[in-house]
Structures are given as structure tokens and as C-alpha cells.
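Peer 1: For reference, the file model-v9.json (JSON, C-alpha atoms and all ligand atoms) is included below:
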```
[["chain", "number", "residue", "atom", "x", "y", "z"],
["A", 1, "MET", "CA", 24.06, -4.39, -7.93],
["A", 2, "SER", "CA", 22.79, -4.51, -11.48],
["A", 3, "ALA", "CA", 24.58, -2.91, -14.38],
["A", 4, "TRP", "CA", 22.35, 0.09, -14.75],
["A", 5, "ILE", "CA", 22.83, 1.18, -11.15],
["A", 6, "THR", "CA", 26.58, 1.15, -11.60],
["A", 7, "ARG", "CA", 26.29, 3.15, -14.78],
["A", 8, "ILE", "CA", 23.88, 5.64, -13.29],
["A", 9, "GLY", "CA", 26.13, 5.97, -10.25],
["A", 10, "GLY", "CA", 28.60, 7.77, -12.47],
["A", 11, "LEU", "CA", 26.02, 10.22, -13.70],
["A", 12, "GLY", "CA", 25.80, 12.23, -10.49],
["A", 13, "THR", "CA", 29.41, 13.28, -10.94],
["A", 14, "ALA", "CA", 28.88, 14.11, -14.57],
["A", 15, "PHE", "CA", 25.85, 16.18, -13.68],
["A", 16, "THR", "CA", 27.64, 18.11, -10.94],
["A", 17, "ALA", "CA", 30.43, 18.92, -13.37],
["A", 18, "TRP", "CA", 27.81, 20.23, -15.75],
["A", 19, "VAL", "CA", 25.87, 22.37, -13.30],
["A", 20, "LEU", "CA", 28.64, 23.83, -11.14],
["A", 21, "PRO", "CA", 30.40, 25.92, -13.80],
["A", 22, "LEU", "CA", 27.05, 27.59, -14.40],
["A", 23, "THR", "CA", 26.48, 28.59, -10.82],
["A", 24, "VAL", "CA", 29.63, 30.69, -10.64],
["A", 25, "LEU", "CA", 28.42, 32.68, -13.65],
["A", 26, "ALA", "CA", 25.39, 33.99, -11.81],
["A", 27, "SER", "CA", 26.18, 37.67, -12.28],
["A", 28, "GLY", "CA", 28.15, 39.90, -14.59],
["A", 29, "ALA", "CA", 28.37, 37.40, -17.43],
["A", 30, "THR", "CA", 30.75, 38.29, -20.23],
["A", 31, "ALA", "CA", 30.51, 37.12, -23.83],
["A", 32, "THR", "CA", 33.00, 34.36, -23.04],
["A", 33, "ASP", "CA", 30.91, 33.30, -20.06],
["A", 34, "ILE", "CA", 27.85, 33.12, -22.26],
["A", 35, "ALA", "CA", 29.72, 31.06, -24.85],
["A", 36, "GLN", "CA", 30.85, 28.67, -22.11],
["A", 37, "ARG", "CA", 27.35, 28.53, -20.73],
["A", 38, "LYS", "CA", 25.94, 27.57, -24.11],
["A", 39, "ALA", "CA", 28.51, 24.80, -24.35],
["A", 40, "ALA", "CA", 27.52, 23.49, -20.94],
["A", 41, "VAL", "CA", 24.85, 21.09, -22.06],
["A", 42, "PRO", "CA", 23.92, 18.13, -19.88],
["A", 43, "PRO", "CA", 25.95, 15.01, -20.55],
["A", 44, "ALA", "CA", 24.13, 12.69, -22.88],
["A", 45, "ALA", "CA", 24.81, 10.04, -20.25],
["A", 46, "LEU", "CA", 22.23, 11.62, -17.96],
["A", 47, "LEU", "CA", 19.51, 10.75, -20.39],
["A", 48, "GLU", "CA", 20.83, 7.53, -21.77],
["A", 49, "GLN", "CA", 18.52, 4.60, -22.13],
["A", 50, "PRO", "CA", 19.49, 2.64, -18.98],
["A", 51, "LEU", "CA", 18.34, 5.56, -16.84],
["A", 52, "ILE", "CA", 14.98, 5.67, -18.54],
["A", 53, "ASP", "CA", 14.79, 1.86, -18.44],
["A", 54, "ALA", "CA", 15.45, 1.95, -14.71],
["A", 55, "VAL", "CA", 12.09, 3.58, -14.22],
["A", 56, "ALA", "CA", 9.46, 0.89, -13.63],
["A", 57, "THR", "CA", 6.16, 1.29, -15.45],
["A", 58, "ARG", "CA", 2.92, -0.33, -14.38],
["A", 59, "GLY", "CA", -0.26, -0.69, -16.40],
["A", 60, "CYS", "CA", 0.74, 1.85, -19.06],
["A", 61, "GLU", "CA", 0.00, -0.20, -22.20],
["A", 62, "ASN", "CA", -2.75, 2.25, -23.16],
["A", 63, "TYR", "CA", -0.81, 5.42, -22.31],
["A", 64, "PRO", "CA", -1.36, 8.26, -23.09],
["A", 65, "TYR", "CA", -5.02, 8.41, -24.09],
["A", 66, "ALA", "CA", -6.56, 5.12, -22.93],
["A", 67, "GLU", "CA", -6.34, 3.69, -26.45],
["A", 68, "PRO", "CA", -4.17, 0.81, -27.64],
["A", 69, "ALA", "CA", -1.26, 2.50, -29.42],
["A", 70, "ALA", "CA", -1.07, 2.03, -33.17],
["A", 71, "PHE", "CA", 2.66, 2.14, -33.88],
["A", 72, "SER", "CA", 4.52, 2.14, -30.61],
["A", 73, "SER", "CA", 3.74, 0.62, -27.23],
["A", 74, "GLY", "CA", 2.24, 2.85, -24.57],
["A", 75, "GLU", "CA", 5.24, 2.26, -22.36],
["A", 76, "ALA", "CA", 7.67, 3.33, -25.09],
["A", 77, "ILE", "CA", 5.70, 6.56, -25.55],
["A", 78, "LEU", "CA", 5.75, 7.12, -21.80],
["A", 79, "ARG", "CA", 9.53, 6.67, -21.62],
["A", 80, "SER", "CA", 10.01, 9.02, -24.53],
["A", 81, "ASP", "CA", 7.83, 11.68, -22.83],
["A", 82, "LEU", "CA", 9.80, 11.25, -19.62],
["A", 83, "LYS", "CA", 13.11, 11.59, -21.41],
["A", 84, "ARG", "CA", 11.99, 14.68, -23.33],
["A", 85, "GLY", "CA", 10.65, 16.25, -20.14],
["A", 86, "LEU", "CA", 13.98, 15.70, -18.39],
["A", 87, "GLN", "CA", 15.98, 17.00, -21.33],
["A", 88, "ILE", "CA", 14.04, 20.26, -21.50],
["A", 89, "GLY", "CA", 13.48, 20.69, -17.76],
["A", 90, "LEU", "CA", 17.01, 20.03, -16.53],
["A", 91, "GLN", "CA", 18.56, 22.18, -19.26],
["A", 92, "CYS", "CA", 16.19, 25.00, -18.40],
["A", 93, "LEU", "CA", 16.85, 24.91, -14.65],
["A", 94, "ALA", "CA", 20.58, 24.94, -15.29],
["A", 95, "GLY", "CA", 20.22, 28.10, -17.38],
["A", 96, "ASN", "CA", 20.24, 26.71, -20.91],
["A", 97, "GLY", "CA", 16.51, 27.14, -21.50],
["A", 98, "PRO", "CA", 14.51, 29.65, -23.51],
["A", 99, "MET", "CA", 15.03, 32.46, -21.03],
["A", 100, "GLY", "CA", 18.68, 31.95, -20.21],
["A", 101, "TYR", "CA", 20.16, 31.92, -16.78],
["A", 102, "LEU", "CA", 17.81, 31.52, -13.82],
["A", 103, "HIS", "CA", 18.73, 31.93, -10.17],
["A", 104, "ARG", "CA", 21.32, 29.36, -9.05],
["A", 105, "TYR", "CA", 18.80, 27.89, -6.61],
["A", 106, "HIS", "CA", 17.12, 26.26, -9.64],
["A", 107, "ALA", "CA", 20.34, 24.72, -10.91],
["A", 108, "GLU", "CA", 20.58, 23.18, -7.44],
["A", 109, "GLN", "CA", 17.08, 21.74, -7.82],
["A", 110, "ALA", "CA", 18.15, 20.21, -11.15],
["A", 111, "GLY", "CA", 21.10, 18.64, -9.35],
["A", 112, "ARG", "CA", 18.82, 17.23, -6.64],
["A", 113, "LEU", "CA", 16.54, 15.70, -9.26],
["A", 114, "ALA", "CA", 19.49, 14.22, -11.16],
["A", 115, "ASP", "CA", 20.79, 12.72, -7.90],
["A", 116, "LEU", "CA", 17.39, 11.19, -7.15],
["A", 117, "LEU", "CA", 17.18, 9.72, -10.65],
["A", 118, "ALA", "CA", 20.68, 8.31, -10.28],
["A", 119, "SER", "CA", 19.90, 6.73, -6.90],
["A", 120, "PRO", "CA", 19.13, 3.01, -6.70],
["A", 121, "GLN", "CA", 15.59, 3.71, -5.40],
["A", 122, "THR", "CA", 12.97, 2.37, -7.81],
["A", 123, "LYS", "CA", 11.07, 5.11, -9.60],
["A", 124, "THR", "CA", 7.56, 4.02, -10.58],
["A", 125, "LEU", "CA", 5.27, 5.39, -13.25],
["A", 126, "GLN", "CA", 1.81, 3.90, -12.88],
["A", 127, "CYS", "CA", -1.16, 4.37, -15.16],
["A", 128, "VAL", "CA", -4.78, 4.10, -14.04],
["A", 129, "GLU", "CA", -8.00, 4.48, -16.01],
["A", 130, "ASP", "CA", -10.74, 6.73, -14.67],
["A", 131, "LYS", "CA", -9.62, 6.50, -11.05],
["A", 132, "MET", "CA", -8.83, 10.16, -10.30],
["A", 133, "PHE", "CA", -10.14, 13.64, -10.99],
["A", 134, "ALA", "CA", -6.53, 14.71, -11.57],
["A", 135, "THR", "CA", -4.54, 14.10, -14.74],
["A", 136, "ALA", "CA", -1.44, 13.07, -12.82],
["A", 137, "VAL", "CA", -0.16, 13.07, -9.26],
["A", 138, "ALA", "CA", 3.22, 12.40, -7.70],
["A", 139, "THR", "CA", 4.12, 11.01, -4.31],
["A", 140, "SER", "CA", 5.93, 13.40, -1.99],
["A", 141, "PRO", "CA", 8.98, 12.59, 0.16],
["A", 142, "ASN", "CA", 6.87, 14.01, 3.01],
["A", 143, "GLY", "CA", 4.29, 11.22, 2.66],
["A", 144, "THR", "CA", 0.58, 11.53, 1.92],
["A", 145, "SER", "CA", -1.83, 13.09, 4.33],
["A", 146, "LEU", "CA", -5.00, 11.14, 5.18],
["A", 147, "ASP", "CA", -7.18, 14.06, 4.13],
["A", 148, "ASP", "CA", -5.57, 14.24, 0.70],
["A", 149, "PRO", "CA", -8.46, 13.54, -1.74],
["A", 150, "LEU", "CA", -6.06, 11.30, -3.68],
["A", 151, "TYR", "CA", -4.99, 9.35, -0.62],
["A", 152, "SER", "CA", -6.52, 6.07, -1.80],
["A", 153, "VAL", "CA", -4.53, 6.20, -5.04],
["A", 154, "LEU", "CA", -1.33, 7.60, -3.58],
["A", 155, "HIS", "CA", -0.87, 5.39, -0.56],
["A", 156, "GLU", "CA", -0.54, 2.33, -2.79],
["A", 157, "ALA", "CA", 2.43, 3.81, -4.64],
["A", 158, "ARG", "CA", 5.85, 3.90, -3.03],
["A", 159, "TYR", "CA", 7.85, 7.14, -3.28],
["A", 160, "PRO", "CA", 9.08, 8.19, -5.78],
["A", 161, "ALA", "CA", 6.12, 7.49, -8.05],
["A", 162, "ILE", "CA", 3.90, 9.25, -10.55],
["A", 163, "ILE", "CA", 0.35, 8.12, -11.23],
["A", 164, "LEU", "CA", -1.21, 9.08, -14.53],
["A", 165, "ASP", "CA", -4.89, 8.77, -15.36],
["A", 166, "THR", "CA", -5.16, 8.00, -19.07],
["A", 167, "TYR", "CA", -8.85, 8.91, -19.10],
["A", 168, "ARG", "CA", -8.05, 12.42, -17.87],
["A", 169, "LEU", "CA", -5.05, 12.73, -20.21],
["A", 170, "GLY", "CA", -7.26, 11.72, -23.12],
["A", 171, "GLY", "CA", -10.10, 14.08, -22.21],
["A", 172, "ILE", "CA", -12.44, 11.11, -21.83],
["A", 173, "LEU", "CA", -15.67, 11.51, -19.93],
["A", 174, "SER", "CA", -15.67, 9.54, -16.70],
["A", 175, "ARG", "CA", -17.69, 6.34, -16.63],
["A", 176, "ARG", "CA", -18.27, 6.73, -12.94],
["A", 177, "TYR", "CA", -21.13, 9.23, -12.91],
["A", 178, "ASP", "CA", -24.74, 8.20, -12.48],
["A", 179, "ASP", "CA", -27.30, 8.31, -15.30],
["A", 180, "GLN", "CA", -28.93, 11.48, -13.98],
["A", 181, "THR", "CA", -25.59, 13.34, -14.20],
["A", 182, "TYR", "CA", -25.06, 12.19, -17.78],
["A", 183, "ARG", "CA", -28.54, 13.38, -18.71],
["A", 184, "SER", "CA", -28.57, 16.75, -16.99],
["A", 185, "PHE", "CA", -24.93, 17.87, -17.15],
["A", 186, "PHE", "CA", -23.71, 16.17, -20.30],
["A", 187, "HIS", "CA", -27.02, 16.04, -22.19],
["A", 188, "LEU", "CA", -26.59, 12.41, -23.20],
["A", 189, "ARG", "CA", -29.46, 10.32, -24.55],
["A", 190, "ASP", "CA", -30.11, 6.90, -23.02],
["A", 191, "ASP", "CA", -28.52, 5.08, -25.97],
["A", 192, "GLN", "CA", -25.40, 7.26, -25.60],
["A", 193, "ILE", "CA", -25.23, 6.52, -21.88],
["A", 194, "LEU", "CA", -25.42, 2.79, -22.64],
["A", 195, "GLU", "CA", -22.68, 3.05, -25.27],
["A", 196, "HIS", "CA", -20.51, 5.19, -22.96],
["A", 197, "ARG", "CA", -20.77, 2.68, -20.12],
["A", 198, "ASN", "CA", -20.34, -0.50, -22.14],
["A", 199, "GLY", "CA", -18.75, 0.37, -25.48],
["A", 200, "GLN", "CA", -16.49, 3.22, -26.53],
["A", 201, "PRO", "CA", -16.28, 5.87, -23.78],
["A", 202, "LEU", "CA", -17.17, 9.36, -25.01],
["A", 203, "ARG", "CA", -14.62, 12.09, -25.50],
["A", 204, "PRO", "CA", -16.63, 15.35, -25.55],
["A", 205, "ALA", "CA", -14.97, 18.25, -27.39],
["A", 206, "ASN", "CA", -15.04, 20.41, -24.28],
["A", 207, "LEU", "CA", -12.89, 18.01, -22.23],
["A", 208, "HIS", "CA", -9.20, 18.72, -22.59],
["A", 209, "ARG", "CA", -6.86, 16.22, -24.23],
["A", 210, "TYR", "CA", -3.45, 16.90, -22.72],
["A", 211, "GLN", "CA", -0.78, 17.62, -25.35],
["A", 212, "ASN", "CA", 2.46, 18.73, -23.70],
["A", 213, "ARG", "CA", 3.12, 15.46, -21.88],
["A", 214, "PRO", "CA", 6.87, 16.03, -21.35],
["A", 215, "ALA", "CA", 5.93, 19.20, -19.45],
["A", 216, "LEU", "CA", 3.54, 17.21, -17.30],
["A", 217, "MET", "CA", 6.17, 14.55, -16.56],
["A", 218, "PHE", "CA", 8.68, 17.16, -15.47],
["A", 219, "HIS", "CA", 6.08, 18.98, -13.36],
["A", 220, "GLU", "CA", 5.34, 15.75, -11.50],
["A", 221, "MET", "CA", 9.03, 14.96, -10.94],
["A", 222, "VAL", "CA", 9.48, 18.37, -9.30],
["A", 223, "HIS", "CA", 7.03, 17.15, -6.63],
["A", 224, "TRP", "CA", 9.50, 14.32, -5.87],
["A", 225, "LEU", "CA", 11.78, 17.02, -4.44],
["A", 226, "GLY", "CA", 9.13, 17.91, -1.85],
["A", 227, "HIS", "CA", 7.86, 21.05, -3.61],
["A", 228, "GLU", "CA", 4.11, 21.31, -3.17],
["A", 229, "HIS", "CA", 1.49, 23.55, -4.71],
["A", 230, "SER", "CA", 0.72, 26.76, -2.90],
["A", 231, "ALA", "CA", -0.73, 30.21, -3.46],
["A", 232, "ILE", "CA", 1.19, 31.88, -0.63],
["A", 233, "TYR", "CA", 4.76, 30.86, -1.42],
["A", 234, "PRO", "CA", 6.58, 30.08, -4.68],
["A", 235, "ASP", "CA", 5.00, 27.15, -6.51],
["A", 236, "LEU", "CA", 7.99, 25.57, -8.23],
["A", 237, "ALA", "CA", 6.19, 22.83, -10.18],
["A", 238, "HIS", "CA", 3.97, 25.50, -11.72],
["A", 239, "LEU", "CA", 6.77, 28.01, -12.34],
["A", 240, "TYR", "CA", 9.08, 25.45, -13.96],
["A", 241, "GLU", "CA", 6.34, 24.08, -16.19],
["A", 242, "THR", "CA", 5.32, 27.59, -17.26],
["A", 243, "CYS", "CA", 8.82, 28.98, -17.84],
["A", 244, "CYS", "CA", 10.57, 25.93, -19.30],
["A", 245, "PHE", "CA", 7.75, 24.45, -21.37],
["A", 246, "GLY", "CA", 6.11, 27.53, -22.89],
["A", 247, "GLY", "CA", 3.14, 28.30, -20.68],
["A", 248, "SER", "CA", 0.12, 26.11, -20.04],
["A", 249, "ASP", "CA", -1.36, 23.21, -21.98],
["A", 250, "TYR", "CA", -4.78, 24.69, -21.20],
["A", 251, "ILE", "CA", -4.11, 27.97, -23.03],
["A", 252, "SER", "CA", -4.08, 27.80, -26.82],
["A", 253, "ASP", "CA", -3.47, 31.55, -27.38],
["A", 254, "ALA", "CA", 0.26, 31.62, -28.20],
["A", 255, "ASP", "CA", 0.72, 35.30, -27.29],
["A", 256, "ARG", "CA", -0.92, 34.92, -23.90],
["A", 257, "ASN", "CA", 1.15, 31.81, -23.22],
["A", 258, "HIS", "CA", 4.31, 33.68, -24.21],
["A", 259, "ASP", "CA", 3.51, 36.47, -21.74],
["A", 260, "HIS", "CA", 2.92, 33.99, -18.91],
["A", 261, "GLN", "CA", 6.14, 32.19, -19.76],
["A", 262, "GLN", "CA", 8.08, 35.49, -19.58],
["A", 263, "THR", "CA", 6.55, 36.28, -16.21],
["A", 264, "ALA", "CA", 7.37, 32.85, -14.78],
["A", 265, "CYS", "CA", 10.99, 33.06, -16.00],
["A", 266, "MET", "CA", 11.33, 36.57, -14.63],
["A", 267, "ILE", "CA", 10.18, 35.30, -11.22],
["A", 268, "LEU", "CA", 12.72, 32.44, -11.41],
["A", 269, "LYS", "CA", 15.47, 35.01, -11.93],
["A", 270, "ASP", "CA", 14.54, 37.22, -8.97],
["A", 271, "ASP", "CA", 17.61, 37.21, -6.77],
["A", 272, "GLU", "CA", 15.88, 38.76, -3.76],
["A", 273, "LEU", "CA", 13.13, 36.12, -3.76],
["A", 274, "TRP", "CA", 15.39, 33.07, -4.04],
["A", 275, "ARG", "CA", 18.02, 34.40, -1.69],
["A", 276, "ALA", "CA", 15.28, 34.44, 0.95],
["A", 277, "GLY", "CA", 14.77, 30.69, 0.50],
["A", 278, "GLY", "CA", 16.06, 29.93, 4.00],
["A", 279, "GLN", "CA", 13.57, 32.38, 5.55],
["A", 280, "PRO", "CA", 10.09, 31.17, 4.58],
["A", 281, "TYR", "CA", 8.19, 34.13, 6.04],
["A", 282, "LYS", "CA", 10.40, 36.66, 4.35],
["A", 283, "GLN", "CA", 10.08, 34.76, 1.06],
["A", 284, "MET", "CA", 6.28, 34.67, 1.41],
["A", 285, "ARG", "CA", 6.22, 38.42, 1.96],
["A", 286, "ILE", "CA", 8.31, 39.08, -1.15],
["A", 287, "TRP", "CA", 6.15, 36.64, -3.16],
["A", 288, "HIS", "CA", 3.03, 38.57, -2.22],
["A", 289, "HIS", "CA", 4.51, 42.07, -2.22],
["A", 290, "LYS", "CA", 5.82, 41.73, -5.80],
["A", 291, "GLY", "CA", 2.47, 40.37, -7.00],
["A", 292, "TYR", "CA", 3.91, 37.02, -8.03],
["A", 293, "ASP", "CA", 0.97, 35.30, -6.35],
["A", 294, "ARG", "CA", -1.26, 36.69, -9.13],
["A", 295, "LEU", "CA", 0.30, 34.69, -11.98],
["A", 296, "LYS", "CA", -1.71, 31.49, -11.47],
["A", 297, "GLY", "CA", -5.03, 33.34, -11.33],
["A", 298, "GLU", "CA", -4.19, 35.33, -14.46],
["A", 299, "MET", "CA", -3.32, 32.12, -16.28],
["A", 300, "ARG", "CA", -6.54, 30.46, -15.16],
["A", 301, "ASN", "CA", -8.47, 33.41, -16.65],
["A", 302, "ASP", "CA", -6.88, 32.58, -20.02],
["A", 303, "TYR", "CA", -7.80, 28.89, -19.97],
["A", 304, "ASP", "CA", -9.58, 27.78, -23.14],
["A", 305, "SER", "CA", -12.77, 26.72, -21.40],
["A", 401, "ZN", "ZN", 1.38, 19.36, -9.42]]
```
Since I need it in another form, could you write the structure as C-alpha cells?
Peer 2:
Amino acid sequence: MSAWITRIGGLGTAFTAWVLPLTVLASGATATDIAQRKAAVPPAALLEQPLIDAVATRGCENYPYAEPAAFSSGEAILRSDLKRGLQIGLQCLAGNGPMGYLHRYHAEQAGRLADLLASPQTKTLQCVEDKMFATAVATSPNGTSLDDPLYSVLHEARYPAIILDTYRLGGILSRRYDDQTYRSFFHLRDDQILEHRNGQPLRPANLHRYQNRPALMFHEMVHWLGHEHSAIYPDLAHLYETCCFGGSDYISDADRNHDHQQTACMILKDDELWRAGGQPYKQMRIWHHKGYDRLKGEMRNDYDS
């Protein structure tokens, strides 16, 4: 057993000690409770370098935007994004985030993620260039279905893994379209098409360059817990990203983002909804009845383009 595994082995205990005092404060918090809660920050050990080093990276020299990095290696930037995402995300789920205490179910999810990170299983972050339509995807503990459009990318990666496409992160136009598509949809001249294919790829202003990368990293790690996207039941990856990281990277209007963040945090505090976690049909009914299923659509309406 290598040194880092031994050291990380101790972190699970430290994390439990950090989360558990919070869960008994779920209701009727006094000023003293709140003071204690504020003091209950995650142990620095959880985020110490060996943990981040224990994550294997593959092909991420040009992370994040498919350009050789000027001052720091792509992999160092990736590790720093991962660490920042964990810092903000785990704190938030345990009730130390911008909106205070969430339902205890979310502190439990933070504990599950910390346990997974502390396990000896290799965690892999892999970068690809122009291989997916998605910015990032994560493997699920439930495996990958054959009809998943990302099957060809995902089945090569062993759980738990995250695959990041640096072309999509960078807002770079794909090189995989045919000439006709470049001409009619992107209005490129022939010399531009030639340059795009063989020289510098184009980065049109209307393609989004992803900024809040720690939020993206945390979002993907939530998928490692088996939480998948859905419109008919609570979508945890989306709710956590929106509440803990200030809305969406695709919305530049700060006020609109603030409103969406408030809504997501309010949903994460709803005792009735999370208490019904063991009864999926009941939870789905509450999700719909309270109009929580509208949040994603309302956010999409506020996307920049
Ligand atoms: Zn996702």
C-alpha cells in the first residue's frame, strides 16, 4: 500500500467528525449552534496534496482550452480546479456554503464523495480534443448504457473517471464538420476552412468558453455517486452546481444567476422533498407539485445565446 493511500485512509474519519456535528443541528439552531457550525470547516487534510495527486490525469497537457499553458502545466491547472471544486462543493453540502444549512441528506452525499475520494480506487481525469459534443462527462457506478451517445468515449474509461473535452471547454469550433457545414452554418470562406482544419482552429465569439471550471469538476464528481440528470426527479448535479457555485456558467446576468442560485438552495433545504428520498414516486410528485421541475427550463431561457 503506498503512502498516500494510508494517509487518505485517515481522512474518512476526519471527514465524518466534521460532517456529523452538523447533521444534529438540522432544526432549531441557536446562536451557539451557528457559531459551532461556522467553526466546522472541513479538515485541511481532506484537500491536501496527496489526495489531489492520487487522481490520475491522462492527456491533459493542454487543459483547459486546448492551448499549451503559458505559466503552469495543464495538469497543474486541472488539479487546482479539482481542489477548488471540492473545497467549495463539500463545504456547501455540509452547510457552510453561501446559503447556510441544507437538508442533512446533502451532508451525507458530501460524506459519500469524501469516502470515494479516500478509497484506494484510482480516480481518472482524462482530456480529449474534439471527441465529444459535451464539455465533460463522468462515468457512473451503474455503468454506461449502449445507447448512451457518449458510449464510445465512456466505455474506455474505468469508473470513477471524468472525461473533459478541451475543445468544448475552450469554445473552439469542431474540426469534424464537413466543408458544406462550415460554409452554410458558420459562414466560413474556403481559406478560413483550410486554416481551421490545418492551422489554428477557430474560436467563434458565439461559442462558449467555460469559466467556472471548479463548478464543472464538482458537478461531474456528483455523477460518481450515481446521481443522473433528470427532469422528473431531483437533479442533484444541477442543483449543487447552481446553489453552491453561483448559478450557471452560461448566464452572465448576475441578478438572474443570483435568483436561480436562491431557488436551487431553497430546493436543497426542503425537508419534505428530501425526507421522501426513500420513496421515489412520492419524491417525484413533490418535485413536480412544488414546481421545482421548472428551474432548469427557466435557467435555459436566461442563457446568453
Ligand atoms: Zn452532468
Peer 1: Give me, as a list of chain:residue names, the set of residues whose atoms come within 8 Å of any atom of ligand ZN 401 (chain A), counting only C-alpha atoms and all ligand atoms.
Peer 2: A:Ala136, A:Val137, A:Ala138, A:His219, A:Glu220, A:His223, A:Glu228, A:His229, A:Ala237, A:His238
Peer 1: Centre and edge lengths, as AutoDock Vina command-line options, for the axis-aligned box enclosing every listed atom of region 94-100 of chain A with 8 Å of padding on each of the six sides, in Å to one decimal?
Peer 2:
```
--center_x 17.5 --center_y 28.7 --center_z -19.4 --size_x 22.1 --size_y 23.5 --size_z 24.2
```
Peer 1: Quick one: residues within 12 Å of Pro160 (chain A), only C-alpha atoms counted, chain neighbours fewer than 6 positions away excluded, as a compact mmCIF listing (two decimals) with C-alpha atoms, in the coordinates of the input?
Peer 2:
```
# COMPACT_ATOMS: atom_id res chain seq x y z
CA VAL A 55 12.09 3.58 -14.22
CA ALA A 56 9.46 0.89 -13.63
CA LEU A 113 16.54 15.70 -9.26
CA LEU A 116 17.39 11.19 -7.15
CA LEU A 117 17.18 9.72 -10.65
CA SER A 119 19.90 6.73 -6.90
CA PRO A 120 19.13 3.01 -6.70
CA GLN A 121 15.59 3.71 -5.40
CA THR A 122 12.97 2.37 -7.81
CA LYS A 123 11.07 5.11 -9.60
CA THR A 124 7.56 4.02 -10.58
CA LEU A 125 5.27 5.39 -13.25
CA GLN A 126 1.81 3.90 -12.88
CA VAL A 137 -0.16 13.07 -9.26
CA ALA A 138 3.22 12.40 -7.70
CA THR A 139 4.12 11.01 -4.31
CA SER A 140 5.93 13.40 -1.99
CA PRO A 141 8.98 12.59 0.16
CA ASN A 142 6.87 14.01 3.01
CA GLY A 143 4.29 11.22 2.66
CA THR A 144 0.58 11.53 1.92
CA LEU A 154 -1.33 7.60 -3.58
CA GLU A 220 5.34 15.75 -11.50
CA MET A 221 9.03 14.96 -10.94
CA VAL A 222 9.48 18.37 -9.30
CA HIS A 223 7.03 17.15 -6.63
CA TRP A 224 9.50 14.32 -5.87
CA LEU A 225 11.78 17.02 -4.44
CA GLY A 226 9.13 17.91 -1.85
```
Peer 1: What lies within 7 Å of region 164-175 of chain A using all atoms listed in the file, ignoring chain neighbours under 2 positions off, as a ChimeraX atom specification?
Peer 2: /A:63-66,126-132,134-137,162,177,197,201-204,207-210
Peer 1: Every residue with an atom at most 10 Å from (14.3, 44.8, -4.0) (file coordinates; all atoms listed in the file) is what I'm after, so could you write them as a list in words?
Peer 2: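 Nearby residues: Asp270, Asp271, Glu272, Leu273, Ile286 and Lys290 of chain A.
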Peer 1: With a distance cut-off of 8 Å and all atoms listed in the file, select the neighbouring residues of Leu295 (chain A), excluding the residue or stretch itself and same-chain residues fewer than 4 positions from it, and output the selection as a count of residues only.
Peer 2: 5
Peer 1: In the coordinate frame of the file, compute which residues have an atom within 10 Å of (5.8, 26.1, -16.3) when using all atoms listed in the file, and state them as a list in words.
Peer 2: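 Residues with an atom at most 10 Å from (5.8, 26.1, -16.3): Gly89, Ala215, Leu216, Phe218, His219, Asp235, Leu236, Ala237, His238, Leu239, Tyr240, Glu241, Thr242, Cys243, Cys244, Phe245, Gly246, Gly247, Ser248, Asp249, His260, Gln261, Ala264 and Cys265 of chain A.
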Peer 1: For the atom pair CA of Pro280 (chain A) and CA of Tyr233 (chain A), what is the interatomic distance in Å to one decimal place?
Peer 2: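 CA of Tyr233 (chain A) lies at a distance of 8.0 Å from CA of Pro280 (chain A).
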Peer 1: What's the separation between CA of Ser252 (chain A) and CA of Arg213 (chain A), in Å to one decimal place?
Peer 2: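 CA of Arg213 (chain A) lies at a distance of 15.1 Å from CA of Ser252 (chain A).
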Peer 1: Between A:Ile251, A:Met266, A:Leu102, A:Ala110, which has the minimum distance to Asn301 (chain A) (counting only C-alpha atoms)?
Peer 2: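 Of the candidates, the smallest distance to Asn301 (chain A) is held by A:Ile251.
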Peer 1: Can you tell me how far CA of Asp81 (chain A) sits from CA of Pro214 (chain A), in Å to one decimal?
Peer 2: 4.7 Å
Peer 1: Give the answer as one residue: which of A:His288, A:Asn206, A:Asp255, A:Ile88 has the shortest atom-to-atom distance to Phe186 (chain A), using all atoms listed in the file?
Peer 2: A:Asn206
